[in-house]
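A.B. asks: Sending over a structure as structure tokens; questions will come in a sec.
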Amino acid sequence: MLQVLVEPIKQEFDLSDTQIGLVGGLAFAVLNVVLSVWIARYAERAHRLSLVSIGTVLWSIATAVCGFANSFFTLALARIGVGVGEAVGLPSTISLVADYFPIRERGRAMSVLMLAAPIGAFVGPVAAAMIAEPYGWRAAFWLASAPGFLLAILLYLLCREPERGRHDKVEALGEKVPSMSAVVRRLLGRHSLRHFLIGSTVACIVGFGVNMFLAAYFQRQHGLGLAEAGILTGLVASVPATISVIGSGWLCDKLATRDARWFGYIPGAALLLAAPLYIAAVANPSTLMAVALFALAAIFQYTYMVPGPTATQNMMHPQMRATASSLIGVAYGLGSGVGPLLVGWLSDCFGRTDAAAGLKWALSVTALGYLWAALHFFLGARRVREEMALPIDDV
């Protein structure tokens with residue numbers, strides 16, 4: 001949602017693109033990456049649905065507080081609060097999915113969970129643009145916070161905590177959970193998971209950076225208004241992303257359950273296509289063609305979100321999964337923090353005399369990172385079959 005409000009916030013507080021990148025990325029990630037690990041360790045033996053509910057409430061409160069910000073500093077503090085809310089709930093959410101669904105269905109189940117990103121990418125920018133244009137950017141934050149309180153209550157009252165490891169034929173360890181060092185050794189010690197993690201982190205840096213400034217790109221480069229830019233941003237980041245996430249989850253269940261190398265091949269091949277499509281979209285002077293190319297790129301852009309986490313969950317003991325998710329979240333948090341800051345800084349560097357041209361070059365250079373990410377997925381695919389066959393209860 002914040003990405004469509006870049007221009008009005010920038011104008012009100014007289015910010016540079018680098019400062020926008022800090023608020024949009026690093027401020028969100030600063031406590032997220034630390035707290036998520038600490039909370040995840042507790043989640044390995046606690047009631048996970050309670051943590052998800054609490055995290056949703058905290059996220060909602062912090063989002064509402066964003067609307068009361070009166071300076072760059074207070075807005076950054078509020079964004080830190082948003083990151084704290086996500087840190088409390090997200091590791092438990094991914095761990096729950098692995099216990100709700102057997103291994104042959106986890107790819108699709110994980111893809112449904114990851115639909116939160118494309119659905120949010122549509123509802124957030126479109127709603128924010130429609131509200132912010134007549135009522136101001138602060139009202140957009142206030143309205144966005146409201147559903148979270150109701151959803152947290154419904155989740156706590158209506159959902160049931162699954163038994164840990166019920167689909168894995170592995171006994172839970174009770175209060176004695178695997179150590180943090182054991183989880184880190186497994187995550188980083190396995191060749192495939194290490195490369196999947198690096199590839200996902202790089203792809204996350206690119207994706208968060210590009211998406212943060214996409215609405216601003218449409219406004220600066222194509223002269224669109226706030227509402228128009230918000231609607232287009234929501235469309236190109238939602239429908240194609242839904243196809244990408246669902247498609248990659250379906251392919252994982254169909255292909256990777258037979259040959260685990262597809263956990264790397266699927267995102268690797270897709271990201272190789274995403275990079276040139278994004279660069280072509282940014283450079284195209286036609287608004288219609290730019291939108292079409294952005295949408296096509298998004299079909300391939302989000303494929304990394306399902307295979308890596310699914311492969312990781314499949315290789316972890318049931319009481320390692322929340323911690324492993326939090327460690328992946330640290331990498332993603334790094335991406336969400338660095339990406340917007342990188343694009344904002346590059347935009348300021350390239351655009352000292354022309355803000356529109358500067359942002360165009362910044363987006364093009366950043367998109368090349370998808371090629372780097374693709375390389376790591378292909379490297380990870382080389383050994384994922386043998387590592388997937390290793391026992392998960394050796395803790």
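Identifiers in the structure tokens: chain A, B, ... in order shown; residue index from 1 per chain; ligand index from 1 in order shown.
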Please report, as a Markdown table, each residue of region 278-327 of chain A lying at most 7 Å from region 40-52 of chain A, together with the nearest pair of atoms and the separation in Å rounded to one decimal; use only C-alpha atoms, and order rows by chain and ascending residue number.

C.D. replies:
```
| residue | atom | partner | partner_atom | distance |
| --- | --- | --- | --- | --- |
| A:Gln319 | CA | A:Glu44 | CA | 5.2 |
| A:Met320 | CA | A:Glu44 | CA | 6.9 |
| A:Ala322 | CA | A:Ala40 | CA | 5.2 |
| A:Thr323 | CA | A:Ala40 | CA | 4.9 |
| A:Ser326 | CA | A:Ala40 | CA | 6.1 |
```

A.B. asks: Any idea what's packed within 8 Å of Leu58 (chain A), counting only C-alpha atoms, ignoring anything in its chain fewer than 4 positions away? Could you give it as a ChimeraX atom specification?

C.D. replies: /A:54,62,81-82,84-85

A.B. asks: With only C-alpha atoms as the counted atoms, please give the residues lying no more than 8 Å from region 347-361 of chain A, apart from itself and same-chain residues fewer than 4 positions off, as a tab-separated table (two decimals) with N, CA and C atoms, in the first residue's frame.

C.D. replies:
```
chain	number	residue	atom	x	y	z
A	16	SER	N	13.61	12.74	-0.02
A	16	SER	CA	14.29	12.23	-1.22
A	16	SER	C	13.82	10.81	-1.47
A	17	ASP	N	14.16	10.26	-2.64
A	17	ASP	CA	13.82	8.87	-2.92
A	17	ASP	C	14.56	7.92	-1.97
A	18	THR	N	15.74	8.30	-1.56
A	18	THR	CA	16.48	7.48	-0.60
A	18	THR	C	15.74	7.39	0.73
A	217	TYR	N	6.83	5.54	-10.73
A	217	TYR	CA	7.30	5.47	-12.12
A	217	TYR	C	6.18	5.86	-13.07
A	220	ARG	N	5.64	9.68	-12.79
A	220	ARG	CA	6.72	10.52	-13.32
A	220	ARG	C	6.95	10.31	-14.81
A	221	GLN	N	6.97	9.04	-15.24
A	221	GLN	CA	7.35	8.73	-16.61
A	221	GLN	C	6.19	8.85	-17.59
A	282	VAL	N	10.23	-0.91	-18.49
A	282	VAL	CA	10.66	0.40	-17.99
A	282	VAL	C	11.04	1.33	-19.14
A	283	ALA	N	11.63	0.76	-20.19
A	283	ALA	CA	12.12	1.58	-21.31
A	283	ALA	C	11.04	1.94	-22.31
A	343	VAL	N	16.89	1.09	-4.73
A	343	VAL	CA	16.25	1.79	-5.86
A	343	VAL	C	16.17	3.29	-5.59
A	365	VAL	N	18.47	-1.05	-13.72
A	365	VAL	CA	19.68	-1.63	-13.14
A	365	VAL	C	19.30	-2.67	-12.09
```

A.B. asks: CA of Val112 (chain A) to CA of Ala274 (chain A): how many Å, to one decimal?

C.D. replies: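 Computing the Euclidean distance for CA of Val112 (chain A) and CA of Ala274 (chain A) yields 21.7 Å.
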
A.B. asks: Considering only C-alpha atoms, can you say which of A:Thr287, A:Leu188, A:Pro391, A:Arg138 comes closest to Gln219 (chain A)?

C.D. replies: A:Thr287

A.B. asks: Write out as a ChimeraX atom specification the residues lying within 10 Å of Ser71 (chain A), counting only C-alpha atoms and excluding same-chain residues fewer than 3 positions away.

C.D. replies: /A:9,12-15,68,74-76

A.B. asks: Give me the region 132-240 of chain A side of the contact with region 305-310 of chain A, cut-off 12 Å, one line per residue showing its nearest atom pair and distance in Å at one decimal, counting only C-alpha atoms, sorted by chain and residue number, as a Markdown table.

C.D. replies:
```
| residue | atom | partner | partner_atom | distance |
| --- | --- | --- | --- | --- |
| A:Leu187 | CA | A:Pro309 | CA | 11.0 |
| A:Ser192 | CA | A:Gly308 | CA | 9.2 |
| A:Leu193 | CA | A:Gly308 | CA | 7.3 |
| A:Arg194 | CA | A:Gly308 | CA | 9.8 |
| A:His195 | CA | A:Gly308 | CA | 9.3 |
| A:Phe196 | CA | A:Gly308 | CA | 5.5 |
| A:Leu197 | CA | A:Gly308 | CA | 7.0 |
| A:Ile198 | CA | A:Gly308 | CA | 10.0 |
| A:Gly199 | CA | A:Gly308 | CA | 8.9 |
| A:Ser200 | CA | A:Gly308 | CA | 7.3 |
| A:Thr201 | CA | A:Met305 | CA | 10.2 |
| A:Val202 | CA | A:Met305 | CA | 11.9 |
| A:Ala203 | CA | A:Met305 | CA | 9.2 |
| A:Cys204 | CA | A:Met305 | CA | 8.9 |
| A:Gly207 | CA | A:Met305 | CA | 10.9 |
```

A.B. asks: Give me, as a Markdown table, the closest atom pair and its distance (Å, one decimal) for every residue of region 341-379 of chain A within a cut-off of 12 Å of region 245-265 of chain A, counting only C-alpha atoms, rows sorted by chain and rising number.

C.D. replies:
```
| residue | atom | partner | partner_atom | distance |
| --- | --- | --- | --- | --- |
| A:Ala373 | CA | A:Gly264 | CA | 10.7 |
| A:Ala374 | CA | A:Gly264 | CA | 8.6 |
| A:Leu375 | CA | A:Gly264 | CA | 9.5 |
| A:His376 | CA | A:Gly264 | CA | 8.3 |
| A:Phe377 | CA | A:Gly264 | CA | 4.6 |
| A:Phe378 | CA | A:Gly264 | CA | 5.5 |
| A:Leu379 | CA | A:Gly264 | CA | 7.8 |
```

A.B. asks: Take the residues from that selection and put them in a file with C-alpha atoms, as a PDB file, in the first residue's frame.

C.D. replies:
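Saved as selection14.pdb:
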```pdb
ATOM      1  CA  ALA A 373      18.960 -14.918  -8.369  1.00  0.00           C
ATOM      2  CA  ALA A 374      18.284 -17.382 -11.204  1.00  0.00           C
ATOM      3  CA  LEU A 375      21.874 -18.613 -11.070  1.00  0.00           C
ATOM      4  CA  HIS A 376      21.510 -19.656  -7.420  1.00  0.00           C
ATOM      5  CA  PHE A 377      18.309 -21.592  -8.067  1.00  0.00           C
ATOM      6  CA  PHE A 378      20.040 -23.554 -10.821  1.00  0.00           C
ATOM      7  CA  LEU A 379      23.010 -24.201  -8.517  1.00  0.00           C
TER       8      LEU A 379
END
```

A.B. asks: When distances are computed from only C-alpha atoms, which of A:Gly337, A:Tyr332, A:Thr242, A:Thr303 shows the smallest separation from Gly120 (chain A)?

C.D. replies: A:Thr242

A.B. asks: Enumerate, as an NGL selection string, the complete set of residues in region 123-234 of chain A that a backbone-based DSSP assignment places in helix (DSSP H, G or I).

C.D. replies: :A and (123-135 or 137-158 or 180-189 or 191-212 or 214-222 or 226-234)

A.B. asks: Contacts of Pro340 (chain A) at 10 Å or less, counting only C-alpha atoms, minus same-chain residues fewer than 2 places along, as a PyMOL selection string?

C.D. replies: chain A and resi 3+17-26+205-213+335-338+342-346

A.B. asks: Need to verify the contact set: Thr63 (chain A), 12 Å, only C-alpha atoms, exclusion of same-chain residues closer than 4 positions in sequence. Can you return it as a PDB file with C-alpha atoms, in the first residue's frame?

C.D. replies:
```pdb
ATOM      1  CA  MET A   1       0.000   0.000   0.000  1.00  0.00           C
ATOM      2  CA  LEU A   2       2.772   2.431   0.857  1.00  0.00           C
ATOM      3  CA  PHE A  28      10.051  -2.116   8.226  1.00  0.00           C
ATOM      4  CA  THR A  56      -2.202  -9.387  13.156  1.00  0.00           C
ATOM      5  CA  VAL A  57      -3.429  -7.052  15.910  1.00  0.00           C
ATOM      6  CA  LEU A  58       0.009  -5.456  16.315  1.00  0.00           C
ATOM      7  CA  TRP A  59       0.330  -5.019  12.537  1.00  0.00           C
ATOM      8  CA  GLY A  67      -1.646   7.728   9.404  1.00  0.00           C
ATOM      9  CA  PHE A  68      -0.804   9.934  12.412  1.00  0.00           C
ATOM     10  CA  ALA A  69       2.846  10.474  11.453  1.00  0.00           C
ATOM     11  CA  LEU A  75       6.598   7.588  10.002  1.00  0.00           C
ATOM     12  CA  ALA A  76       9.761   5.465  10.183  1.00  0.00           C
ATOM     13  CA  LEU A  77       8.920   4.462  13.776  1.00  0.00           C
ATOM     14  CA  ALA A  78       5.404   3.453  12.740  1.00  0.00           C
ATOM     15  CA  ARG A  79       6.801   1.352   9.904  1.00  0.00           C
ATOM     16  CA  ILE A  80       9.094  -0.387  12.409  1.00  0.00           C
ATOM     17  CA  GLY A  81       5.910  -1.297  14.301  1.00  0.00           C
ATOM     18  CA  VAL A  82       4.399  -2.806  11.148  1.00  0.00           C
ATOM     19  CA  GLY A  83       7.490  -4.976  10.826  1.00  0.00           C
ATOM     20  CA  VAL A  84       7.158  -6.091  14.448  1.00  0.00           C
ATOM     21  CA  GLY A  85       3.577  -7.255  13.827  1.00  0.00           C
ATOM     22  CA  GLU A  86       4.637  -9.344  10.852  1.00  0.00           C
ATOM     23  CA  ARG A 138      -3.475   9.373   6.068  1.00  0.00           C
ATOM     24  CA  ALA A 139      -7.027   8.075   5.613  1.00  0.00           C
ATOM     25  CA  ALA A 140      -5.681   5.228   3.490  1.00  0.00           C
ATOM     26  CA  PHE A 141      -3.608   3.934   6.426  1.00  0.00           C
ATOM     27  CA  TRP A 142      -6.514   4.219   8.847  1.00  0.00           C
ATOM     28  CA  LEU A 143      -8.891   2.267   6.655  1.00  0.00           C
ATOM     29  CA  ALA A 144      -6.276  -0.405   5.870  1.00  0.00           C
ATOM     30  CA  SER A 145      -5.819  -1.155   9.574  1.00  0.00           C
ATOM     31  CA  ALA A 146      -9.471  -1.919  10.300  1.00  0.00           C
ATOM     32  CA  PRO A 147      -9.928  -5.448   8.846  1.00  0.00           C
ATOM     33  CA  GLY A 148      -6.968  -6.863  10.745  1.00  0.00           C
ATOM     34  CA  PHE A 149      -8.677  -6.582  14.132  1.00  0.00           C
TER      35      PHE A 149
END
```

A.B. asks: With only C-alpha atoms as the counted atoms, please give the residues lying no more than 12 Å from Met130 (chain A), apart from itself and same-chain residues fewer than 5 positions off, as a list in words.

C.D. replies: Met1, Val4, Leu5, Val123, Gly124, Pro125, Tyr135, Gly136, Trp137, Ala139, Ala140, Leu143, Gly225, Leu226, Ala227, Glu228, Ala229, Gly230, Ile231 and Gly234 of chain A

A.B. asks: Go ahead and write the selection's residues with N, CA and C atoms as a PDB file, in the first residue's frame.

C.D. replies:
```pdb
ATOM      1  N   MET A   1       0.811  -1.203   0.000  1.00  0.00           N
ATOM      2  CA  MET A   1       0.000   0.000   0.000  1.00  0.00           C
ATOM      3  C   MET A   1       0.850   1.260   0.000  1.00  0.00           C
ATOM      4  N   VAL A   4       2.013   3.189  -3.398  1.00  0.00           N
ATOM      5  CA  VAL A   4       1.186   4.102  -4.187  1.00  0.00           C
ATOM      6  C   VAL A   4       1.101   5.481  -3.531  1.00  0.00           C
ATOM      7  N   LEU A   5       1.522   5.576  -2.280  1.00  0.00           N
ATOM      8  CA  LEU A   5       1.476   6.855  -1.550  1.00  0.00           C
ATOM      9  C   LEU A   5       2.828   7.558  -1.537  1.00  0.00           C
ATOM     10  N   VAL A 123      -5.370  -5.072  -3.744  1.00  0.00           N
ATOM     11  CA  VAL A 123      -6.290  -4.356  -2.857  1.00  0.00           C
ATOM     12  C   VAL A 123      -5.614  -3.131  -2.244  1.00  0.00           C
ATOM     13  N   GLY A 124      -4.347  -3.292  -1.797  1.00  0.00           N
ATOM     14  CA  GLY A 124      -3.658  -2.185  -1.135  1.00  0.00           C
ATOM     15  C   GLY A 124      -3.490  -0.951  -2.009  1.00  0.00           C
ATOM     16  N   PRO A 125      -2.795  -1.060  -3.143  1.00  0.00           N
ATOM     17  CA  PRO A 125      -2.602   0.123  -3.990  1.00  0.00           C
ATOM     18  C   PRO A 125      -3.895   0.720  -4.532  1.00  0.00           C
ATOM     19  N   TYR A 135      -9.385  11.964   0.042  1.00  0.00           N
ATOM     20  CA  TYR A 135      -9.357  12.153   1.495  1.00  0.00           C
ATOM     21  C   TYR A 135      -7.960  12.301   2.083  1.00  0.00           C
ATOM     22  N   GLY A 136      -6.924  12.119   1.271  1.00  0.00           N
ATOM     23  CA  GLY A 136      -5.564  12.247   1.767  1.00  0.00           C
ATOM     24  C   GLY A 136      -4.945  10.907   2.104  1.00  0.00           C
ATOM     25  N   TRP A 137      -3.608  10.863   2.119  1.00  0.00           N
ATOM     26  CA  TRP A 137      -2.897   9.606   2.315  1.00  0.00           C
ATOM     27  C   TRP A 137      -3.061   9.023   3.706  1.00  0.00           C
ATOM     28  N   ALA A 139      -5.789   8.863   5.548  1.00  0.00           N
ATOM     29  CA  ALA A 139      -7.027   8.075   5.613  1.00  0.00           C
ATOM     30  C   ALA A 139      -6.826   6.669   5.054  1.00  0.00           C
ATOM     31  N   ALA A 140      -5.944   6.542   4.083  1.00  0.00           N
ATOM     32  CA  ALA A 140      -5.681   5.228   3.490  1.00  0.00           C
ATOM     33  C   ALA A 140      -5.092   4.275   4.536  1.00  0.00           C
ATOM     34  N   LEU A 143      -7.942   3.250   7.160  1.00  0.00           N
ATOM     35  CA  LEU A 143      -8.891   2.267   6.655  1.00  0.00           C
ATOM     36  C   LEU A 143      -8.232   0.895   6.498  1.00  0.00           C
ATOM     37  N   GLY A 225      -2.185  10.251 -12.951  1.00  0.00           N
ATOM     38  CA  GLY A 225      -2.578  10.729 -11.641  1.00  0.00           C
ATOM     39  C   GLY A 225      -2.439   9.641 -10.586  1.00  0.00           C
ATOM     40  N   LEU A 226      -2.666  10.017  -9.328  1.00  0.00           N
ATOM     41  CA  LEU A 226      -2.493   9.082  -8.220  1.00  0.00           C
ATOM     42  C   LEU A 226      -3.415   7.878  -8.351  1.00  0.00           C
ATOM     43  N   ALA A 227      -4.700   8.118  -8.633  1.00  0.00           N
ATOM     44  CA  ALA A 227      -5.654   7.011  -8.735  1.00  0.00           C
ATOM     45  C   ALA A 227      -5.311   6.090  -9.898  1.00  0.00           C
ATOM     46  N   GLU A 228      -5.001   6.673 -11.054  1.00  0.00           N
ATOM     47  CA  GLU A 228      -4.649   5.855 -12.221  1.00  0.00           C
ATOM     48  C   GLU A 228      -3.402   5.012 -11.952  1.00  0.00           C
ATOM     49  N   ALA A 229      -2.388   5.657 -11.387  1.00  0.00           N
ATOM     50  CA  ALA A 229      -1.149   4.928 -11.096  1.00  0.00           C
ATOM     51  C   ALA A 229      -1.383   3.812 -10.093  1.00  0.00           C
ATOM     52  N   GLY A 230      -2.218   4.060  -9.090  1.00  0.00           N
ATOM     53  CA  GLY A 230      -2.514   3.048  -8.088  1.00  0.00           C
ATOM     54  C   GLY A 230      -3.252   1.860  -8.658  1.00  0.00           C
ATOM     55  N   ILE A 231      -4.210   2.119  -9.524  1.00  0.00           N
ATOM     56  CA  ILE A 231      -4.972   1.026 -10.137  1.00  0.00           C
ATOM     57  C   ILE A 231      -4.076   0.186 -11.031  1.00  0.00           C
ATOM     58  N   GLY A 234      -1.721  -1.893  -8.934  1.00  0.00           N
ATOM     59  CA  GLY A 234      -2.431  -3.023  -8.358  1.00  0.00           C
ATOM     60  C   GLY A 234      -2.700  -4.119  -9.364  1.00  0.00           C
TER      61      GLY A 234
END
```

A.B. asks: So which one's closest to Met315 (chain A), A:Pro134, A:Pro8, A:Pro91, A:Gly189? Using only C-alpha atoms, please.

C.D. replies: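 Smallest distance to Met315 (chain A) is found for A:Gly189.
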